[in-house]
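The block underneath contains the structure these notes are about, expressed in structure tokens.
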Amino acid sequence: MTKIIMRGCNGKMGQAITEIVRADENAEISAGIDLFDDGHNSYPVFKTLEACNVQADVIIDFTAAGGADELLDYCEKTGVPAVICTTGLSNEQVERINEVSGKTALLRSANMSLGINTLFKILKNISPLLADAGYDIEIVEKHHNQKLDAPSGTALALADAISESLEEAYGYKFDRSKDRAKRPKNEIGISAVRGGTIVGEHEIIFAGEDEVIEIKHTAYSKKIFAKGAVEAAKFLAGKSAGLYTMKDVLN
């Protein structure tokens, strides 16, 4: 039984994870961390990690980037592993994650979806073949109108997965409106769409001569991210110090 502290338990993702864990016989939420609580959870809720007096095997963090420092300080002090689902981290915070991972197990991923992380593996396998054959590469991502960052962290991670698999260096192109020139070969175009309540859609386009290959992932619910986070937590519990990703979970 994996005992979890859910940080950000009363947010949308925290509640989605609560529902998934409730139906999982191999996991339970021992405590929640949230500034606001109306007492509706079946587990105790504390305002801060420092105030929490409940022991657990792992922390799942789905809070804003500003709270990452408190989480990392706590993990370093206690040795409790953490699944870090927060996006928009600063370079300094990423460096801090690398530092703390030398003392306890941390897992960080741009996207917790099992489907997206399977897509990373697929892209690393096929991208070199298609790039060598002269296919142009474009990524189009779509999200709801409340999303603050663009392009999404997942779109950038997809581009990184492609780029890292290629022998030649590829640059990223985010805006073509200021250029009046033919598309160069060694670039990955990344476009962002914002509108309505789109949960998340990522399409990778390989455009060759007289044919196009499209690979697409669509998220219909935030539950897919919650499920991935729970699987990551069960994987991470008891692991030795180090920095893990969803790739390790899938393997």
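Chains: A, B, ... in order of the structure tokens. Residues: from 1 per chain. Ligands: from 1, in order shown.
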
Each residue of stretch 84-135 of chain A lying at most 12 Å from stretch 36-58 of chain A should get a row with its shortest atom-to-atom pair and the distance in Å to one decimal, counting only C-alpha atoms; could you produce that, ordered by chain and increasing number, as a tab-separated table?
```
residue	atom	partner	partner_atom	distance
A:Ile84	CA	A:Val58	CA	10.7
A:Thr104	CA	A:Val58	CA	10.6
A:Ala105	CA	A:Val58	CA	9.2
A:Leu106	CA	A:Val58	CA	9.4
A:Leu107	CA	A:Val58	CA	10.5
```

Could you write out that same residue set with C-alpha atoms as a CSV table (one decimal), in the first residue's frame?
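Just written: selection22.csv:
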```
chain,number,residue,atom,x,y,z
A,84,ILE,CA,6.5,17.0,-9.2
A,104,THR,CA,16.0,11.6,-2.3
A,105,ALA,CA,13.9,10.3,-5.2
A,106,LEU,CA,12.1,12.9,-7.3
A,107,LEU,CA,10.1,12.4,-10.5
```

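Within 9 Å of A:Glu28, once only C-alpha atoms are used and residues closer than 4 positions along the same chain are dropped, the contacting residues are Met1, Thr2, Lys3, Ile4, Ile5, Thr18, Val21, Arg22 and Asp24 of chain A.
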
So that I can check the surroundings of A:Lys227, please list as a VMD selection string every protein, DNA and RNA residue that reaches within 9 Å of it, counting only C-alpha atoms and ignoring chain neighbours fewer than 4 positions away.
chain A and resid 16 to 17 20 to 21 112 to 114 222 to 223 231 to 232

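Here atom CA of A:Ser101 stands at a distance of 8.8 Å from atom CA of A:Tyr244.
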
A:Thr87, A:Asn251, A:Thr245, A:Thr118 ranked by distance to A:Leu156, top pick (using only C-alpha atoms)
A:Thr87

Extract the full set of strand (DSSP E) residues from stretch 24-115 of chain A according to DSSP on the backbone, and format it as a PyMOL selection string.
chain A and resi 27-33+45-46+58-61+82-84+105-108

When you look at A:Thr197 with a cut-off of 9 Å (counting only C-alpha atoms), what residues show up, excluding the ones that are within fewer than 3 positions of it in the same chain? I need them as a PDB file with C-alpha atoms, in the first residue's frame.
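Dumped everything to part-v7.pdb:
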```pdb
ATOM      1  CA  HIS A 143      -5.557  24.291 -24.957  1.00  0.00           C
ATOM      2  CA  HIS A 144      -8.370  26.108 -23.128  1.00  0.00           C
ATOM      3  CA  ASN A 145      -8.557  29.897 -23.025  1.00  0.00           C
ATOM      4  CA  GLN A 146      -7.442  30.057 -19.383  1.00  0.00           C
ATOM      5  CA  ARG A 194      -6.096  28.895 -27.199  1.00  0.00           C
ATOM      6  CA  GLY A 200      -5.256  19.468 -24.349  1.00  0.00           C
TER       7      GLY A 200
END
```
